[in-house]
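Step one of this worksheet: look at the structure below.
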Amino acid sequence: MSAPTSASRPTRASRPTRAGRSPAGTATRESLLSRSAAMLVMLVCTAYFLVPIWWLLVASAKPDGRVTQGNPLWFDDFSLVDNVTNVLTYRDGVFPRWILNSLAYTGGAALIGTLLAAMCGYALAKYRFPGRETLFNVVLGGVLVPATALALPLFLIFSRFEATNTFWSVFLPSLVNPFGVYLARIYAAASVPDDLLEAARIDGSGEVRTFFTVSTRLMLPALVTIFLFHFVAVWNNFLLPLIMLGDERLFPVTLGLYTWNTQVNQLPELRGLVLVGALLSIVPLIVAFLLLQRFWRNGLGSGAIK
Amino acid sequence: MSRTSAAERRGTARAPADDRIGRRRAPVPHKGAIAMFVAPFGVLFALFYAVPIGYAVVQSLHVVERTGTFGPAREVFGGLAQYQRVFDDGPFWSSIGRVLLFGVVQVPVMLGVALLLALLLDSNLVRGRRFFRLAFFVPYAVPGVVAAIMWGFLYSPNLSPFTAVTGEVDLLGADLVLWAIANVVTWVYVGYNMLIIYSSLLAIPPEIYEAARLDGAGQARIAWSIKIPLVMPAIVLTTVFSIIGTLQLLAEPQVFRTFSSAVSSTYTPNLTVYSTSSIPNFNLAAAFSVVLALATFVLSFTFLKFTGRRSAR
C-alpha cells in the first residue's frame with residue numbers, strides 16, 4: 001500500500017516548481033508563524049520518537065547495568081564495549097546465536113517468501129485462468145486473518161507430526177505472505193506491459209524465463225518493498241516462536257530478550273544485558289532500512305505508474 | 001463450454017486489451033507456466049493458512065472427555081459446547097471491551113498524529129524533510145517486544161530517567177497501564193502509518209492545487225479540502241490494519257506483565273487465547289481464537305463498508 005502510492009514519486013520532482021510557482025510574497029507571509037509552529041511540532045515529535053532510543057543507547061553504555069547512575073540522558077563512565085562483550089559472551093554466546101537465528105528465519109523467509117508472492121501475484125496480474133479471482137479473493141481474505149489465530153492451530157498441527165521446537169516450525173509458516181501477493185499483483189499490472197510480454201513470446205522466450213529475466217527486473221522496486229515489509233513482519237514475530245519453540249538455542253532475538261526480561265527478578269544482572277541486547281537487536285533492521293530505503297524509493301518512481 | 005462462459009463473465013471485469021488477447025488464444029494459454037507460478041505459494045498458503053484455520057474450527061467443536069476422574073482423556077465431538085463456554089467467559093469479554101476501548105482512543109490518536117506529520121512533511125513549511133521522515137520511521141524498526149521492554153524501563157519509577165514524572169504518576173498501575181501500552185504501540189507505528197499517508201500525498205498531481213491556490217486557498221484550506229479527501233483510501237487502509245493490530249495485542253501486554261502486576265493473564269483477548277492454550281485447553285483456546293478472528297473480520301468489514309458508503313455519497 002505504501003508501495004503503489006509512493007510509486008508516483010516523480011511528482012516529487014515537480015515539488016520545487018509547485019513551491020516556486022506560488023508568489024514569493026504569500027510564501028513568506030504564511031511562513032513566519034506557520035513555519036515556526038510546523039517546525040515546533042516536528043521537533044517535539046522527533047524528541048518523542050528519538051529520546052527513548054537515545055536513552056537506550058546511553059543506558060546500554062553505563063557500567064554493570066546501573067542505568068540510573070549519573071545523568072540519565074548522557075554518558076557516564078562509557079562502557080558500551082564491555083557491555084556488548086558481556087552480552088555476546090553471556091552463557092556461551094547464546095545472544096549472537098539468537099541474532100543469527102533471527103537473520104536466518106527472517107532473511108530466508110523474506111527472500112523466499114518475496115519470490116513466491118511475486119510469482120503468484122504476477123500470474124494473477126498477467127494471465128487469465130479459471131479460478132483466478134477466487135484465488136485472489138481467498139488470498140486477500142488471508143491478509144485479514146489475525147496471525148495469532150493461526151499460531152495456535154499451527155502448533156497443534158506441527159505437534160501431530162512431532163515437528164514443534166524445530167527451525168522449520170517457525171520458518172515454514174513465515175514463508176507465506178498474502179499481502180505480498182496483493183502488492184505483487186498491483187505492481188505487476190502497473191509496471192509490466194503486456195506488449196513487452198508479447199514481444200518476448202515472439203522472440204521465443206518461455207514464460208518462466210521471461211518472468212525471471214524481464215519481469216522481475218521491472219518489478220524490482222516492488223520486490224524490495226515486499227521484501228522489506230516481510231522482513232519486518234517476521235523479525236517482529238513473537239507469538240509463533242513463543243508457542244513453537246522450547247529450546248532456547250532456536251530462539252529468535254525477540255523471544256530471547258523476552259525470556260531474559262522475565263528472569264530479571266531472579267537474576268538482576270540480566271537487567272543490563274536486556275538493555276544492551278535490545279539495542280543490538282534494533283541495529284540489523286535499521287541497517288536494512290538504510291540500505292534498502294534509497295533503492296526502494298528511487299526505483300518506485302521509475303517503476304509502477306498508477 | 002462452461003469455461004468459455006466463465007471467461008466471458010469474468011471478462012466484464014477485465015481490461016479490454018487483455019480480453020482481446022485472452023480470447024484470441026486457446027482457453028487457458030500457458031497452463032504450465034501458470035501452475036509453476038501459482039503452485040508454490042498456493043501449496044504453502046493451503047498448508048499454513050487454510051488448513052490451520054479449518055483445523056482450529058474443527059478443534060473448537062470438540063471437547064475432552066475423561067472416563068472417571070483419572071481415566072484417559074479423549075476428544076469427542078462436543079458441538080457448540082466450547083462456544084457456550086466462550087460466551088459465558090466474563091474475563092474474555094472484558095478483555096474484548098478493553099481492547100475496543102484501547103482502539104477507540106489509540107487508533108484515532110495515532111492516525112491523527114500520522115496524518116498531521118504527513119501533511120506537514122508534504123507542505124513547504126518544513127525544512128529537513130529527509131531527516132524528519134527517517135526520524136519518525138526509526139521506531140518501526142524496533143520490534144514490539146523490544147519497544148515494550150524499553151518503555152517498561154522508562155515507566156518504572158526506580159529505573160526511569162524521568163523520575164519527576166514516574167515518581168508522581170504510577171504509569172504501571174491498574175488505572176494507567178492500558179494507556180502506557182497504548183503509548184508504546186503509538187510510538188512504534190506512527191511513522192509507519194505516516195509513511196503510507198505521505199506516499200499517497202506525493203501521488204497527488206500538483207496541478208490539482210493550482211486552482212485552489214488561484215482562488216486564494218491557504219495551506220490549511222488545501223490540506224483540509226483537497227489533500228485529506230484524496231488520501232482517504234490510505235487512511236482507511238491504515239485504519240483497517242490498526243483495527244486488526246489492536247485486536248491482536250499480545251506482545252506488548254505480555255512484556256508488561258513483568259513490569260506491572262496490573263496486567264493479568266487475560267488482559268487482552270490474545271493473552272486469553274495464549275493462557276488457555278498453555279493450561280492446556282486447546283479446544284477452548286481454538287474456540288476463543290475463532291471468535292476473535294470472526295470479530296476481527298466483522299469489525300474490519302464493517303469499517304470498510306461504512307467508509308465505502310460514505311465516499312460513494
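Residue numbers start at 1 in each chain; chains themselves are named A, B, ... in the order of the C-alpha cells; ligands are numbered from 1 in the order shown.
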Checklist line | Contact residues around stretch 139-144 of chain A with only C-alpha atoms at 7 Å, ignoring same-chain residues under 5 positions, as a list in words | finding: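 Using only C-alpha atoms, the neighbours found are Pro178, Phe179 and Tyr182 of chain A; Phe297 of chain B.
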Would you list, as a PDB file with C-alpha atoms, in the first residue's frame, the residues of stretch 73-299 of chain B that end up in strand (DSSP E) under DSSP run on this structure's backbone?
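Ended up saving to states_27.pdb:
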```pdb
ATOM      1  CA  ALA B  73      -8.564 -38.243  28.056  1.00  0.00           C
ATOM      2  CA  ARG B  74     -10.125 -38.487  24.662  1.00  0.00           C
ATOM      3  CA  GLU B  75     -11.575 -35.926  22.313  1.00  0.00           C
ATOM      4  CA  VAL B  76     -15.189 -36.235  21.340  1.00  0.00           C
ATOM      5  CA  PHE B  77     -17.435 -34.069  19.233  1.00  0.00           C
TER       6      PHE B  77
END
```
Next item on the list: Excluding A:Val253 and residues on its chain fewer than 2 positions from it, collect all residues at most 12 Å away from it, counting only C-alpha atoms, and give them as JSON, numbers by chain.
Entry: {"A": [94, 95, 96, 97, 98, 99, 100, 101, 102, 103, 104, 105, 106, 234, 235, 236, 237, 238, 241, 242, 248, 249, 250, 251, 255, 256, 257, 258, 259, 260, 274, 277, 278, 279, 280, 281, 282, 283, 284], "B": [142, 143, 145, 146]}
Notebook entry, point to check: Can you list, as number ranges by chain, every residue of stretch 170-288 of chain A that DSSP puts in helix (DSSP H, G or I)?
Noted result: A: 170-174, 178-191, 194-202, 207-218, 220-236, 239-244, 248-250, 253-262, 270-288
Margin query: For stretch 122-136 of chain A, find every residue with an atom within 7 Å (counting only C-alpha atoms), except residues of its own chain fewer than 4 positions away, and show them as a ChimeraX atom specification.
Written below: /A:118,140,184-185,188-189 /B:22,28,34,37-38
Next item on the list: Enter the distance from atom CA of B:Val291 to atom CA of B:Ile279, in Å, rounded to one decimal.
Entry: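 Pair atom CA of B:Val291 / atom CA of B:Ile279 returns 19.1 Å.
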Next item on the list: Figure out the distance between atom CA of A:Trp54 and atom CA of B:Val113, please, to one decimal in Å.
Entry: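 These two atoms are separated by 21.7 Å.
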Checklist line | Option closest in space to B:Met150, from B:Phe259, B:Gln59, B:Leu249, B:Leu47 [counting only C-alpha atoms] | finding: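 The shortest atom-to-atom distance to B:Met150 comes from B:Phe259.
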Margin query: With distances taken over only C-alpha atoms, which residue among A:Val192, A:Leu275, A:Ala163, A:Val208 lies nearest B:Leu159?
Written below: A:Leu275
Item checked: Distance criterion (only C-alpha atoms): nearest to A:Ser215 out of A:Leu197, A:Ala147, A:Val138, A:Leu228 -> A:Leu197
